[in-house]
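Below you'll find the structure, written out as C-alpha cells, and then a few comments.
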Amino acid sequence: MPFENVSDHFIIHMYEAIRDDVHAEVTTGVRLVSGPAQERAEQLRQEIERRGLFYKPIEWPAKV
C-alpha cells in the first residue's frame, strides 16, 4: 500500500489497531493476528520511522 496519500494520523491509527489486536490476542489466548498483519505492521512501522513520527513498538508474543 503506498502511503504518500495517507495522513500521519491515519498511519498511526492503523498501527495502533494492529497493536490492539495483538494485545487482545495475548489477553484472551484467541488467535486474532496472522502473518499478513505482522507484515503490514512492519510496513507501517517503517513509514512511521521514515516520517519521524512517535510510536510505541508492538510487543509481539513469542511464537509457540
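We name chains A, B, ... following the order of the C-alpha cells; residues begin at 1 in each chain, and ligands are numbered from 1 as shown.
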Got a sec: who's within 12 Å of Pro57 (chain A), counting only C-alpha atoms, leaving out chain neighbours fewer than 3 positions off, as an NGL selection string?
:A and (12 or 15-16 or 18-20 or 22 or 41-42 or 44-46 or 48-49 or 53-54 or 60)
Mind listing the helix (DSSP H, G or I) residues of chain A, per DSSP on the backbone, as a VMD selection string?
chain A and resid 8 to 28 35 to 51
Excluding His23 (chain A) and any residue of its chain fewer than 4 positions from it, enumerate the residues within 12 Å of it, using only C-alpha atoms, and give them as number ranges by chain.
A: 16-19, 27-33, 58-61
For the selection just defined, write its residues with C-alpha atoms to a file, as a tab-separated table (two decimals), in the first residue's frame.
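And here is the file that came out, out_30.tsv:
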chain	number	residue	atom	x	y	z
A	16	GLU	CA	-2.34	1.14	16.84
A	17	ALA	CA	-5.24	-1.03	15.61
A	18	ILE	CA	-2.81	-3.88	15.00
A	19	ARG	CA	-1.30	-3.29	18.46
A	27	THR	CA	-5.08	-11.36	26.83
A	28	THR	CA	-7.67	-13.83	25.54
A	29	GLY	CA	-5.45	-16.53	24.09
A	30	VAL	CA	-7.53	-16.44	20.91
A	31	ARG	CA	-5.52	-16.02	17.72
A	32	LEU	CA	-6.51	-12.74	16.07
A	33	VAL	CA	-3.35	-11.66	14.29
A	58	ILE	CA	4.32	-3.56	19.16
A	59	GLU	CA	5.41	-6.28	21.58
A	60	TRP	CA	4.76	-9.43	19.59
A	61	PRO	CA	4.06	-12.59	21.59
What is the distance, in Å and to one decimal place, between CA of Gly35 (chain A) and CA of Arg50 (chain A)?
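About the pair CA of Gly35 (chain A) and CA of Arg50 (chain A): they are 22.8 Å apart.
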When you count only C-alpha atoms, which of these residues is closest to Glu4 (chain A): A:Ala62, A:Ala24, A:Arg51, A:Ser34?
A:Arg51
